[in-house]
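K.L.:
Supplied structure: structure-v2.tsv, TSV, C-alpha atoms.
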```tsv
chain	number	residue	atom	x	y	z
U	1	MET	CA	-85.73	74.08	-280.99
U	2	ASP	CA	-84.34	71.01	-282.67
U	3	PHE	CA	-86.26	67.96	-283.79
U	4	GLY	CA	-86.11	64.25	-283.30
U	5	ILE	CA	-88.07	61.07	-283.71
U	6	ASN	CA	-89.25	58.48	-281.25
U	7	LEU	CA	-89.59	54.88	-282.31
U	8	ALA	CA	-91.38	51.77	-281.18
U	9	THR	CA	-88.13	49.90	-281.59
U	10	ALA	CA	-87.81	47.47	-284.46
U	11	ALA	CA	-84.73	45.39	-285.20
U	12	ASP	CA	-84.27	47.40	-288.38
U	13	SER	CA	-85.04	50.82	-286.92
U	14	TRP	CA	-81.65	51.88	-288.25
U	15	LYS	CA	-83.26	52.32	-291.67
U	16	VAL	CA	-85.63	54.98	-290.37
U	17	VAL	CA	-82.89	56.58	-288.30
U	18	LYS	CA	-80.54	56.75	-291.26
U	19	ARG	CA	-83.21	58.49	-293.33
U	20	ALA	CA	-83.99	60.79	-290.42
U	21	GLU	CA	-80.34	61.78	-290.28
U	22	GLU	CA	-80.38	62.56	-293.99
U	23	LEU	CA	-83.40	64.80	-293.43
U	24	GLY	CA	-81.70	66.70	-290.63
U	25	TYR	CA	-83.32	65.24	-287.54
U	26	GLY	CA	-81.13	65.66	-284.49
U	27	ARG	CA	-81.97	62.73	-282.25
U	28	ALA	CA	-83.68	59.33	-282.34
U	29	TRP	CA	-85.26	57.86	-279.23
U	30	PHE	CA	-85.79	54.10	-278.91
U	31	PHE	CA	-88.51	52.55	-276.75
U	32	ASP	CA	-87.39	49.97	-274.19
U	33	THR	CA	-90.50	47.80	-274.19
U	34	GLN	CA	-89.30	44.24	-274.50
U	35	MET	CA	-92.70	42.53	-274.72
U	36	LEU	CA	-93.88	44.81	-277.50
U	37	ASN	CA	-90.80	45.80	-279.46
U	38	ALA	CA	-87.36	44.69	-280.51
U	39	ASP	CA	-84.46	45.02	-278.15
U	40	MET	CA	-83.48	48.64	-277.73
U	41	PHE	CA	-79.71	48.23	-277.47
U	42	VAL	CA	-79.50	45.87	-280.44
U	43	ALA	CA	-81.42	48.34	-282.58
U	44	MET	CA	-79.36	51.26	-281.32
U	45	GLY	CA	-76.15	49.39	-282.11
U	46	ALA	CA	-77.26	48.90	-285.69
U	47	ALA	CA	-78.24	52.56	-285.92
U	48	ALA	CA	-74.90	53.59	-284.44
U	49	VAL	CA	-72.91	51.93	-287.21
U	50	GLN	CA	-75.23	53.13	-289.97
U	51	THR	CA	-75.23	56.82	-289.03
U	52	SER	CA	-72.65	59.48	-288.34
U	53	ARG	CA	-74.36	62.57	-286.95
U	54	ILE	CA	-77.75	61.93	-285.38
U	55	ARG	CA	-77.85	61.39	-281.61
U	56	LEU	CA	-79.16	58.05	-280.35
U	57	ALA	CA	-81.09	57.94	-277.11
U	58	THR	CA	-82.59	55.26	-274.99
U	59	GLY	CA	-86.13	56.47	-274.96
U	60	VAL	CA	-86.57	55.50	-272.30
U	61	LEU	CA	-84.55	52.82	-270.56
U	62	ILE	CA	-86.44	50.96	-267.85
U	63	PRO	CA	-84.25	50.27	-264.80
U	64	SER	CA	-85.54	46.79	-264.02
U	65	ASN	CA	-85.01	45.54	-267.56
U	66	ARG	CA	-81.33	44.97	-266.96
U	67	LEU	CA	-78.74	45.21	-264.22
U	68	ALA	CA	-77.22	48.66	-263.75
U	69	PRO	CA	-73.70	47.48	-264.68
U	70	VAL	CA	-75.11	45.81	-267.79
U	71	ALA	CA	-76.81	49.06	-268.77
U	72	ALA	CA	-73.60	50.97	-268.15
U	73	SER	CA	-71.66	48.53	-270.34
U	74	ALA	CA	-74.28	48.77	-273.09
U	75	LEU	CA	-74.20	52.55	-273.07
U	76	ALA	CA	-70.40	52.55	-273.11
U	77	SER	CA	-70.44	50.08	-275.99
U	78	LEU	CA	-72.79	52.26	-278.00
U	79	ASN	CA	-70.57	55.20	-277.15
U	80	ALA	CA	-67.70	53.40	-278.82
U	81	LEU	CA	-69.72	52.87	-281.98
U	82	ALA	CA	-71.12	56.41	-281.99
U	83	PRO	CA	-68.73	58.50	-279.90
U	84	GLY	CA	-70.41	61.39	-278.15
U	85	ARG	CA	-73.78	60.68	-279.81
U	86	ILE	CA	-75.43	58.62	-277.07
U	87	ASP	CA	-78.04	59.80	-274.57
U	88	PHE	CA	-79.05	57.88	-271.46
U	89	SER	CA	-82.73	58.49	-270.91
U	90	ILE	CA	-84.68	56.69	-268.24
U	91	SER	CA	-88.01	56.40	-266.50
U	92	THR	CA	-89.92	54.18	-264.12
U	93	GLY	CA	-91.49	52.05	-266.82
U	94	PHE	CA	-95.25	51.94	-267.02
U	95	THR	CA	-95.44	50.18	-270.37
U	96	ALA	CA	-92.47	47.85	-270.25
U	97	ARG	CA	-93.51	46.64	-266.85
U	98	ARG	CA	-97.28	46.67	-267.34
U	99	THR	CA	-96.87	44.20	-270.17
U	100	MET	CA	-95.46	41.83	-267.57
U	101	GLY	CA	-98.09	42.61	-264.98
U	102	LEU	CA	-95.87	44.90	-262.93
U	103	GLY	CA	-96.23	48.45	-261.68
U	104	PRO	CA	-93.58	51.11	-262.22
U	105	VAL	CA	-90.23	51.16	-260.47
U	106	LYS	CA	-90.08	53.39	-257.39
U	107	LEU	CA	-88.43	56.75	-257.90
U	108	ASP	CA	-85.88	56.09	-255.16
U	109	ASP	CA	-84.89	52.83	-256.81
U	110	MET	CA	-84.57	54.55	-260.17
U	111	LYS	CA	-82.40	57.23	-258.60
U	112	ALA	CA	-80.07	54.61	-257.12
U	113	TYR	CA	-79.91	52.84	-260.50
U	114	ILE	CA	-79.04	56.06	-262.31
U	115	GLN	CA	-76.29	56.82	-259.85
U	116	ILE	CA	-74.73	53.39	-260.26
U	117	VAL	CA	-74.78	53.68	-264.05
U	118	GLN	CA	-73.38	57.19	-264.07
U	119	ARG	CA	-70.64	56.45	-261.57
U	120	LEU	CA	-69.56	53.35	-263.48
U	121	LEU	CA	-69.41	55.41	-266.66
U	122	ALA	CA	-67.24	57.85	-264.72
U	123	ARG	CA	-64.86	54.93	-264.01
U	124	GLU	CA	-65.62	55.03	-260.32
U	125	THR	CA	-65.72	52.06	-258.00
U	126	VAL	CA	-69.24	51.81	-256.64
U	127	GLU	CA	-70.96	49.83	-253.97
U	128	TRP	CA	-73.75	47.86	-255.57
U	129	THR	CA	-76.29	45.65	-253.87
U	130	PHE	CA	-77.25	42.46	-255.67
U	131	GLU	CA	-78.58	39.11	-254.50
U	132	GLY	CA	-78.67	40.36	-250.97
U	133	LYS	CA	-75.08	41.46	-250.75
U	134	ARG	CA	-73.29	44.73	-251.16
U	135	ARG	CA	-70.35	44.52	-253.52
U	136	LYS	CA	-67.74	46.87	-254.91
U	137	ILE	CA	-67.71	46.94	-258.69
U	138	ARG	CA	-66.09	48.95	-261.45
U	139	PHE	CA	-65.10	48.58	-265.07
U	140	LEU	CA	-61.93	46.54	-264.75
U	141	ASN	CA	-60.18	47.37	-268.01
U	142	PRO	CA	-61.46	50.60	-269.52
U	143	GLU	CA	-58.00	51.30	-270.90
U	144	LEU	CA	-58.46	48.52	-273.47
U	145	ASP	CA	-60.88	50.70	-275.43
U	146	VAL	CA	-63.38	47.90	-275.94
U	147	PHE	CA	-65.97	50.53	-275.12
U	148	ASN	CA	-66.03	54.26	-274.59
U	149	VAL	CA	-66.29	55.82	-271.16
U	150	THR	CA	-64.55	59.01	-272.25
U	151	ASP	CA	-67.15	60.89	-274.28
U	152	PRO	CA	-69.99	62.17	-272.09
U	153	ILE	CA	-73.36	60.41	-272.11
U	154	PRO	CA	-75.97	62.96	-271.01
U	155	LEU	CA	-78.80	61.90	-268.71
U	156	HIS	CA	-82.47	62.61	-269.39
U	157	VAL	CA	-85.40	61.62	-267.18
U	158	SER	CA	-88.95	61.20	-268.38
U	159	ALA	CA	-91.02	62.70	-265.58
U	160	LEU	CA	-94.73	63.34	-265.89
U	161	GLY	CA	-95.31	64.38	-262.29
U	162	PRO	CA	-93.82	66.86	-259.84
U	163	ARG	CA	-91.88	64.31	-257.78
U	164	GLY	CA	-90.20	63.01	-260.88
U	165	ARG	CA	-89.39	66.53	-261.97
U	166	ARG	CA	-87.82	67.31	-258.58
U	167	LEU	CA	-85.64	64.22	-259.00
U	168	THR	CA	-84.75	65.25	-262.56
U	169	ALA	CA	-83.59	68.62	-261.27
U	170	GLU	CA	-81.71	67.10	-258.34
U	171	LEU	CA	-79.79	64.91	-260.78
U	172	GLY	CA	-79.12	67.87	-263.07
U	173	ALA	CA	-80.66	65.88	-265.90
U	174	GLY	CA	-82.42	66.78	-269.09
U	175	TRP	CA	-86.13	66.11	-269.14
U	176	LEU	CA	-88.76	64.45	-271.32
U	177	TYR	CA	-92.45	65.13	-271.18
U	178	ALA	CA	-94.86	62.93	-273.11
U	179	THR	CA	-97.63	65.17	-274.32
U	180	GLY	CA	-100.16	65.91	-277.00
U	181	HIS	CA	-101.57	69.02	-275.40
U	182	VAL	CA	-99.83	72.40	-275.50
U	183	GLY	CA	-101.53	73.71	-272.35
U	184	ALA	CA	-100.50	70.75	-270.23
U	185	ALA	CA	-97.02	70.82	-271.71
U	186	THR	CA	-96.65	74.51	-270.95
U	187	ALA	CA	-97.61	74.05	-267.30
U	188	ALA	CA	-95.26	71.08	-266.99
U	189	VAL	CA	-92.24	72.85	-268.42
U	190	ALA	CA	-92.83	75.82	-266.13
U	191	ASP	CA	-92.75	73.46	-263.17
U	192	MET	CA	-89.63	71.77	-264.53
U	193	GLN	CA	-87.85	75.07	-264.98
U	194	ALA	CA	-88.72	76.08	-261.42
U	195	ALA	CA	-87.35	72.77	-260.16
U	196	TRP	CA	-84.13	73.21	-262.12
U	197	ARG	CA	-83.66	76.70	-260.76
U	198	SER	CA	-84.28	75.50	-257.21
U	199	ALA	CA	-81.55	72.94	-257.75
U	200	GLY	CA	-79.17	75.56	-259.11
U	201	VAL	CA	-79.49	74.41	-262.70
U	202	GLU	CA	-79.99	76.91	-265.50
U	203	PRO	CA	-82.92	75.61	-267.60
U	204	ALA	CA	-81.39	76.83	-270.84
U	205	ASP	CA	-78.48	74.47	-270.23
U	206	ARG	CA	-80.68	71.38	-270.21
U	207	VAL	CA	-82.61	69.61	-272.95
U	208	ALA	CA	-86.36	69.87	-272.43
U	209	THR	CA	-88.06	67.44	-274.76
U	210	ALA	CA	-91.67	67.39	-275.86
U	211	PHE	CA	-92.19	63.70	-276.63
U	212	THR	CA	-95.24	63.31	-278.75
U	213	GLY	CA	-97.08	61.82	-281.68
U	214	GLY	CA	-99.63	62.80	-284.22
U	215	CYS	CA	-100.33	63.17	-287.86
U	216	VAL	CA	-99.80	65.85	-290.49
U	217	LEU	CA	-103.15	66.47	-292.14
U	218	LYS	CA	-103.70	67.76	-295.62
U	219	ALA	CA	-105.66	71.00	-295.91
U	220	GLY	CA	-109.31	70.22	-295.30
U	221	GLU	CA	-108.69	66.66	-294.16
U	222	ALA	CA	-110.80	65.64	-291.19
U	223	PHE	CA	-109.06	64.65	-287.98
U	224	ASP	CA	-110.58	61.19	-288.01
U	225	ALA	CA	-110.99	60.60	-291.71
U	226	ARG	CA	-107.70	59.25	-292.90
U	227	ALA	CA	-108.12	55.64	-293.86
U	228	SER	CA	-105.66	52.94	-294.66
U	229	ALA	CA	-105.71	49.34	-295.71
U	230	PRO	CA	-105.81	46.83	-292.86
U	231	ARG	CA	-102.32	46.00	-291.69
U	232	PRO	CA	-101.14	43.10	-289.62
U	233	GLY	CA	-98.84	44.05	-286.83
U	234	PRO	CA	-98.08	43.90	-283.16
U	235	THR	CA	-101.43	45.43	-282.31
U	236	ARG	CA	-103.06	42.16	-283.25
U	237	ARG	CA	-101.52	40.64	-280.23
U	238	SER	CA	-102.54	43.44	-277.91
U	239	ARG	CA	-104.81	42.85	-274.99
U	240	SER	CA	-107.86	44.21	-276.74
U	241	THR	CA	-107.61	42.09	-279.86
U	242	THR	CA	-107.18	38.85	-278.04
U	243	SER	CA	-110.49	39.15	-276.26
U	244	SER	CA	-113.48	37.47	-277.80
U	245	ARG	CA	-115.38	40.74	-277.70
U	246	SER	CA	-112.82	42.41	-279.92
U	247	ARG	CA	-113.48	39.98	-282.73
U	248	SER	CA	-116.71	41.69	-283.54
U	249	SER	CA	-116.88	44.40	-286.16
U	250	GLY	CA	-115.12	47.54	-285.06
U	251	THR	CA	-112.73	50.29	-286.01
U	252	TRP	CA	-109.06	49.83	-286.41
U	253	VAL	CA	-106.94	52.82	-285.54
U	254	GLU	CA	-103.35	52.40	-286.50
U	255	ALA	CA	-101.33	53.50	-283.58
U	256	CYS	CA	-98.66	51.94	-281.48
U	257	PRO	CA	-100.19	49.78	-278.81
U	258	GLU	CA	-97.77	50.30	-275.99
U	259	SER	CA	-98.89	53.74	-274.97
U	260	TRP	CA	-102.46	52.82	-274.33
U	261	LEU	CA	-101.27	50.26	-271.86
U	262	ARG	CA	-99.35	52.96	-270.08
U	263	CYS	CA	-102.16	55.43	-270.26
U	264	SER	CA	-104.95	53.13	-269.32
U	265	SER	CA	-103.19	52.48	-266.07
U	266	ALA	CA	-101.59	55.85	-265.47
U	267	THR	CA	-104.44	58.09	-266.35
U	268	ALA	CA	-107.11	55.97	-264.77
U	269	ARG	CA	-105.02	55.91	-261.65
U	270	SER	CA	-104.37	59.64	-261.66
U	271	THR	CA	-108.04	60.38	-262.11
U	272	GLY	CA	-109.08	57.74	-259.64
U	273	SER	CA	-111.45	56.40	-262.22
U	274	THR	CA	-112.09	52.77	-262.83
U	275	SER	CA	-115.02	53.18	-265.15
U	276	ARG	CA	-115.04	51.40	-268.46
U	277	ARG	CA	-115.63	54.68	-270.27
U	278	MET	CA	-112.63	56.34	-268.66
U	279	ARG	CA	-110.44	53.38	-269.41
U	280	ALA	CA	-111.59	53.49	-273.01
U	281	ILE	CA	-110.84	57.20	-273.30
U	282	CYS	CA	-107.46	56.70	-271.72
U	283	ARG	CA	-106.36	53.92	-273.97
U	284	ILE	CA	-107.67	55.53	-277.12
U	285	THR	CA	-106.12	58.88	-276.26
U	286	ALA	CA	-102.77	57.35	-275.55
U	287	GLY	CA	-102.81	55.20	-278.63
U	288	ILE	CA	-103.62	57.96	-281.03
U	289	SER	CA	-101.32	60.44	-279.38
U	290	CYS	CA	-98.47	58.06	-279.94
U	291	SER	CA	-98.77	57.81	-283.63
U	292	CYS	CA	-100.32	58.80	-286.86
U	293	VAL	CA	-104.05	58.29	-286.82
U	294	ARG	CA	-105.39	56.24	-289.63
U	295	LYS	CA	-108.84	54.95	-289.13
U	296	SER	CA	-110.93	52.47	-291.04
U	297	THR	CA	-114.03	50.51	-290.26
U	298	ARG	CA	-113.76	46.80	-290.76
U	299	SER	CA	-113.74	43.55	-288.91
U	300	ALA	CA	-110.92	43.11	-286.47
U	301	PRO	CA	-108.47	40.35	-287.32
U	302	ARG	CA	-108.91	37.04	-285.63
U	303	THR	CA	-106.02	36.13	-283.44
I	304	MET	CA	-105.07	49.92	-282.25
I	305	PHE	CA	-108.43	48.23	-282.37
I	306	LEU	CA	-111.45	50.12	-281.07
I	307	ARG	CA	-114.17	48.07	-279.50
I	308	PRO	CA	-117.60	48.98	-280.79
I	309	GLU	CA	-118.51	50.68	-277.53
I	310	GLU	CA	-115.40	52.85	-277.82
I	311	HIS	CA	-116.27	54.44	-281.14
I	312	GLU	CA	-118.12	57.30	-279.51
I	313	VAL	CA	-115.11	58.50	-277.56
I	314	CYS	CA	-112.58	58.40	-280.38
I	315	THR	CA	-113.75	61.62	-281.93
I	316	ALA	CA	-112.16	64.27	-284.05
I	317	ASP	CA	-112.19	66.54	-281.01
I	318	LEU	CA	-110.30	64.03	-278.95
I	319	ILE	CA	-107.67	63.62	-281.63
I	320	ARG	CA	-107.37	67.36	-282.19
I	321	THR	CA	-107.10	68.16	-278.49
I	322	LEU	CA	-104.77	65.48	-277.26
I	323	THR	CA	-102.42	64.75	-280.15
I	324	PHE	CA	-100.24	66.69	-282.53
I	325	THR	CA	-102.60	66.02	-285.40
I	326	ALA	CA	-103.32	69.06	-287.56
I	327	THR	CA	-102.39	70.74	-290.80
I	328	ARG	CA	-98.82	71.86	-291.30
I	329	PRO	CA	-99.38	75.53	-290.39
I	330	GLU	CA	-101.34	74.58	-287.27
I	331	LEU	CA	-98.65	72.16	-286.17
I	332	GLN	CA	-95.99	74.80	-286.73
I	333	ASP	CA	-97.91	77.22	-284.52
I	334	ARG	CA	-98.24	74.64	-281.76
I	335	ILE	CA	-94.55	73.77	-281.91
I	336	ARG	CA	-93.65	77.46	-281.73
I	337	GLU	CA	-95.80	77.68	-278.60
I	338	LEU	CA	-93.86	74.84	-277.06
I	339	GLY	CA	-90.61	76.57	-277.94
I	340	ALA	CA	-91.78	79.80	-276.39
I	341	ALA	CA	-92.77	77.89	-273.26
I	342	GLY	CA	-89.28	76.49	-272.83
I	343	TYR	CA	-88.98	73.27	-274.81
I	344	ASN	CA	-85.85	73.05	-276.93
I	345	HIS	CA	-86.38	69.60	-278.43
I	346	PHE	CA	-89.47	68.12	-280.09
I	347	ALA	CA	-89.57	64.39	-280.79
I	348	VAL	CA	-92.41	62.97	-282.82
I	349	HIS	CA	-93.37	59.33	-283.12
I	350	ILE	CA	-92.67	57.71	-286.47
I	351	ARG	CA	-94.87	54.70	-286.73
I	352	HIS	CA	-93.32	51.38	-287.72
I	353	GLY	CA	-94.03	50.79	-291.39
I	354	HIS	CA	-94.72	54.46	-292.13
I	355	PRO	CA	-91.33	55.97	-293.06
I	356	GLU	CA	-93.13	58.59	-295.15
I	357	MET	CA	-93.92	60.31	-291.86
I	358	LEU	CA	-90.29	61.43	-291.75
I	359	GLU	CA	-90.76	63.60	-294.83
I	360	GLU	CA	-94.17	64.85	-293.71
I	361	TRP	CA	-92.82	66.04	-290.38
I	362	ALA	CA	-89.59	67.37	-291.87
I	363	GLU	CA	-91.72	69.74	-293.90
I	364	VAL	CA	-93.45	70.86	-290.72
I	365	PHE	CA	-90.18	71.45	-288.90
I	366	ALA	CA	-88.67	73.35	-291.83
I	367	GLY	CA	-91.25	76.07	-291.28
I	368	VAL	CA	-90.87	76.46	-287.52
```
Show me the file's structure as structure tokens.

P.N.:
Amino acid sequence: MDFGINLATAADSWKVVKRAEELGYGRAWFFDTQMLNADMFVAMGAAAVQTSRIRLATGVLIPSNRLAPVAASALASLNALAPGRIDFSISTGFTARRTMGLGPVKLDDMKAYIQIVQRLLARETVEWTFEGKRRKIRFLNPELDVFNVTDPIPLHVSALGPRGRRLTAELGAGWLYATGHVGAATAAVADMQAAWRSAGVEPADRVATAFTGGCVLKAGEAFDARASAPRPGPTRRSRSTTSSRSRSSGTWVEACPESWLRCSSATARSTGSTSRRMRAICRITAGISCSCVRKSTRSAPRT
Amino acid sequence: MFLRPEEHEVCTADLIRTLTFTATRPELQDRIRELGAAGYNHFAVHIRHGHPEMLEEWAEVFAGV
């Protein structure tokens, strides 16, 4: 088992990544949620030039956020700045797309996207459909060394369900599972390992990542007792705080906002529930699972 | 994350304990060992923006796994 960090990307995330490297962390994952966070590739580029050992991973890249050849070029560029330290991790994009009113990308479309990116990185000529036409594209001058398509860039797929895990195995990819619950995580990894074996992949040869959040409590500290001073931040602009109802007195839990968007849609959908209570549980659960829980009772900020 | 007043009742200690990696260091170490035994070989924890001290807190957890 090795250890990493996942970050709601900030322009200066390199500072945290640099410190993480000093402490021995092995990998840093950067969210690709453009309406909530800073640009992932910009932040990764800064981290690449400020570090020398820690791996840097898109965590996770959302296919529709950029053209496949643009993603391939970005990954190859990072790979020049941090040779052999880049991971290409991808998923269908609940959060990044929900913040723009969109549902996730279809698995088949994500698969096609992955294949274009990987084949371009392998210096192949690929047929790529764009603006209604099929075109042949490739990197035209990789020999100039303006980027790096030599060192491998491993693929990881974030897959919460069985269809996604089958695709992960079919692609021979590593796997991410966002979890806060050991039982659910154990069942999921068993299914992933079975899928890998069915695809002829030895599970021990692939990275299986538990992608999680939480808080280290002091002995005797209550789960919901840690308080902090009110902090301004991106949460103030979240959906909940911009409603008139949210301006009443309430409780502020410091957690990253993007996951509750993902969860409130994903979990409510998976349970078939549309009740207010279920939506509340979903968004709270996702929010607190994503980050350290620090809770205080006060008036919510006016937006 | 802001909790609406009607949401207070569902954001309980039980919910946090059950569905997040929030616990004391020894408890977290046990849970991470369970994940390792199940087949995970990488554990990535969220470091909240503006809370770099979490790096040290979690490094101490990982040192004992």

K.L.:
List every protein, DNA or RNA residue with an atom no more than 9 Å from (-87.7, 72.1, -277.7) in the file's coordinates, counting only C-alpha atoms, and format the result as an mmCIF file with C-alpha atoms, in the coordinates of the input.

P.N.:
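Heads up, here's the output in point.cif:
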```cif
data_model
loop_
_atom_site.group_PDB
_atom_site.id
_atom_site.type_symbol
_atom_site.label_atom_id
_atom_site.label_comp_id
_atom_site.auth_asym_id
_atom_site.auth_seq_id
_atom_site.Cartn_x
_atom_site.Cartn_y
_atom_site.Cartn_z
ATOM 1 C CA MET U 1 -85.730 74.080 -280.990
ATOM 2 C CA ASP U 2 -84.340 71.010 -282.670
ATOM 3 C CA PHE U 3 -86.260 67.960 -283.790
ATOM 4 C CA VAL U 207 -82.610 69.610 -272.950
ATOM 5 C CA ALA U 208 -86.360 69.870 -272.430
ATOM 6 C CA THR U 209 -88.060 67.440 -274.760
ATOM 7 C CA ALA U 210 -91.670 67.390 -275.860
ATOM 8 C CA ILE I 335 -94.550 73.770 -281.910
ATOM 9 C CA ARG I 336 -93.650 77.460 -281.730
ATOM 10 C CA LEU I 338 -93.860 74.840 -277.060
ATOM 11 C CA GLY I 339 -90.610 76.570 -277.940
ATOM 12 C CA ALA I 340 -91.780 79.800 -276.390
ATOM 13 C CA ALA I 341 -92.770 77.890 -273.260
ATOM 14 C CA GLY I 342 -89.280 76.490 -272.830
ATOM 15 C CA TYR I 343 -88.980 73.270 -274.810
ATOM 16 C CA ASN I 344 -85.850 73.050 -276.930
ATOM 17 C CA HIS I 345 -86.380 69.600 -278.430
ATOM 18 C CA PHE I 346 -89.470 68.120 -280.090
ATOM 19 C CA ALA I 347 -89.570 64.390 -280.790
#
```

K.L.:
Between CA of Asp87 in chain U and CA of Ala10 in chain U, what is the spacing in Å?

P.N.:
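Going from CA of Ala10 in chain U over to CA of Asp87 in chain U, I get 18.6 Å.
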
K.L.:
Could you please give me, as an MDAnalysis selection string, the residues of protein, DNA or RNA lying at most 6 Å from (-91.8, 63.8, -284.0) in the coordinate frame of the file, considering all atoms listed in the file?

P.N.:
(chainID U and resid 4:5) or (chainID I and resid 347:349)

K.L.:
Between CA of Phe211 in chain U and CA of Tyr177 in chain U, what is the distance in Å, rounded to a tenth?

P.N.:
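These atoms are spaced 5.6 Å apart.
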
K.L.:
For chain U, which residue out of I:Val368, I:Glu309, I:Glu356, I:Leu322 is the nearest one, using all atoms listed in the file?

P.N.:
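Looking only at the distances to chain U, the closest residue turns out to be I:Leu322.
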
K.L.:
Name the closest residue to Asp191 in chain U among the candidates U:Ala159, U:Ala28, U:Ala222, U:Val146; distances are taken between atoms, counting only C-alpha atoms.

P.N.:
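Among U:Ala159, U:Ala28, U:Ala222, U:Val146, it is U:Ala159 that comes nearest to Asp191 in chain U.
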
K.L.:
Could you check the closest approach to Leu102 in chain U for each of U:Trp196, U:Ser64, U:Gly214, U:Arg85 and tell me which residue wins, using all atoms listed in the file?

P.N.:
U:Ser64

K.L.:
Show which residues sit within 10 Å of Glu363 in chain I, as JSON, numbers by chain. Count all atoms listed in the file, and ignore same-chain residues fewer than 4 positions away.

P.N.:
{"U": [23, 216], "I": [328, 332, 357, 358, 359, 367, 368]}

K.L.:
Any idea what's packed within 10 Å of Leu67 in chain U, counting all atoms listed in the file, ignoring anything in its chain fewer than 2 positions away? Could you give it as a list in words?

P.N.:
Pro63, Ser64, Asn65, Pro69, Val70, Ala71, Ala72, Ser73, Tyr113, Ile116, Val117 and Phe130 of chain U

K.L.:
When you draw a straight line from CA of Ala48 in chain U to CA of Ala366 in chain I, how long is it in Å?

P.N.:
25.2 Å

K.L.:
When you count all atoms listed in the file, which of these residues is closest to Glu221 in chain U: I:Ile319, I:Ala362, I:Ala326, I:Val313?

P.N.:
I:Ala326

K.L.:
Could you check which of U:Val157, U:Leu167, U:Ala76, U:Ala199 is closest to Phe139 in chain U, using only C-alpha atoms?

P.N.:
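Smallest separation from Phe139 in chain U among the options: U:Ala76.
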
K.L.:
So, counting all atoms listed in the file, which residue among U:Pro203, U:Gly213, U:Gly24, U:Pro83 is closest to chain I?

P.N.:
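Looking at the shortest contact to chain I, the residue is U:Gly213.
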
K.L.:
Axis-aligned box over every listed atom of range 63-68 of chain U, padded by 3 Å per side: centre and edges in Å to one decimal, as lines of an AutoDock Vina configuration file?

P.N.:
```
center_x = -81.4
center_y = 47.6
center_z = -265.7
size_x = 14.3
size_y = 11.3
size_z = 9.8
```

K.L.:
Residues at most 10 Å from Pro355 in chain I, counting all atoms listed in the file, excluding those fewer than 2 positions away in the same chain, as a PyMOL selection string?

P.N.:
(chain U and resi 15-17+19-20) or (chain I and resi 350-353+357-360)

K.L.:
Mind filling out range 333-345 of chain I with N, CA and C atoms and sending it as a PDB file, keeping the file's coordinate frame?

P.N.:
```pdb
ATOM      1  N   ASP I 333     -97.527  76.282-285.586  1.00  0.00           N
ATOM      2  CA  ASP I 333     -97.910  77.220-284.520  1.00  0.00           C
ATOM      3  C   ASP I 333     -97.791  76.567-283.150  1.00  0.00           C
ATOM      4  N   ARG I 334     -98.270  75.331-283.057  1.00  0.00           N
ATOM      5  CA  ARG I 334     -98.240  74.640-281.760  1.00  0.00           C
ATOM      6  C   ARG I 334     -96.807  74.369-281.326  1.00  0.00           C
ATOM      7  N   ILE I 335     -95.959  74.022-282.262  1.00  0.00           N
ATOM      8  CA  ILE I 335     -94.550  73.770-281.910  1.00  0.00           C
ATOM      9  C   ILE I 335     -93.872  75.072-281.486  1.00  0.00           C
ATOM     10  N   ARG I 336     -94.203  76.155-282.156  1.00  0.00           N
ATOM     11  CA  ARG I 336     -93.650  77.460-281.730  1.00  0.00           C
ATOM     12  C   ARG I 336     -94.086  77.783-280.300  1.00  0.00           C
ATOM     13  N   GLU I 337     -95.326  77.459-279.977  1.00  0.00           N
ATOM     14  CA  GLU I 337     -95.800  77.680-278.600  1.00  0.00           C
ATOM     15  C   GLU I 337     -94.971  76.886-277.607  1.00  0.00           C
ATOM     16  N   LEU I 338     -94.683  75.657-277.948  1.00  0.00           N
ATOM     17  CA  LEU I 338     -93.860  74.840-277.060  1.00  0.00           C
ATOM     18  C   LEU I 338     -92.468  75.448-276.902  1.00  0.00           C
ATOM     19  N   GLY I 339     -91.920  75.937-278.007  1.00  0.00           N
ATOM     20  CA  GLY I 339     -90.610  76.570-277.940  1.00  0.00           C
ATOM     21  C   GLY I 339     -90.620  77.800-277.058  1.00  0.00           C
ATOM     22  N   ALA I 340     -91.666  78.597-277.206  1.00  0.00           N
ATOM     23  CA  ALA I 340     -91.780  79.800-276.390  1.00  0.00           C
ATOM     24  C   ALA I 340     -91.937  79.453-274.906  1.00  0.00           C
ATOM     25  N   ALA I 341     -92.563  78.310-274.643  1.00  0.00           N
ATOM     26  CA  ALA I 341     -92.770  77.890-273.260  1.00  0.00           C
ATOM     27  C   ALA I 341     -91.493  77.396-272.608  1.00  0.00           C
ATOM     28  N   GLY I 342     -90.538  76.942-273.418  1.00  0.00           N
ATOM     29  CA  GLY I 342     -89.280  76.490-272.830  1.00  0.00           C
ATOM     30  C   GLY I 342     -88.752  75.163-273.360  1.00  0.00           C
ATOM     31  N   TYR I 343     -89.492  74.508-274.218  1.00  0.00           N
ATOM     32  CA  TYR I 343     -88.980  73.270-274.810  1.00  0.00           C
ATOM     33  C   TYR I 343     -87.938  73.605-275.879  1.00  0.00           C
ATOM     34  N   ASN I 344     -86.866  72.828-275.897  1.00  0.00           N
ATOM     35  CA  ASN I 344     -85.850  73.050-276.930  1.00  0.00           C
ATOM     36  C   ASN I 344     -85.626  71.807-277.799  1.00  0.00           C
ATOM     37  N   HIS I 345     -86.438  70.783-277.566  1.00  0.00           N
ATOM     38  CA  HIS I 345     -86.380  69.600-278.430  1.00  0.00           C
ATOM     39  C   HIS I 345     -87.798  69.047-278.572  1.00  0.00           C
TER      40      HIS I 345
END
```
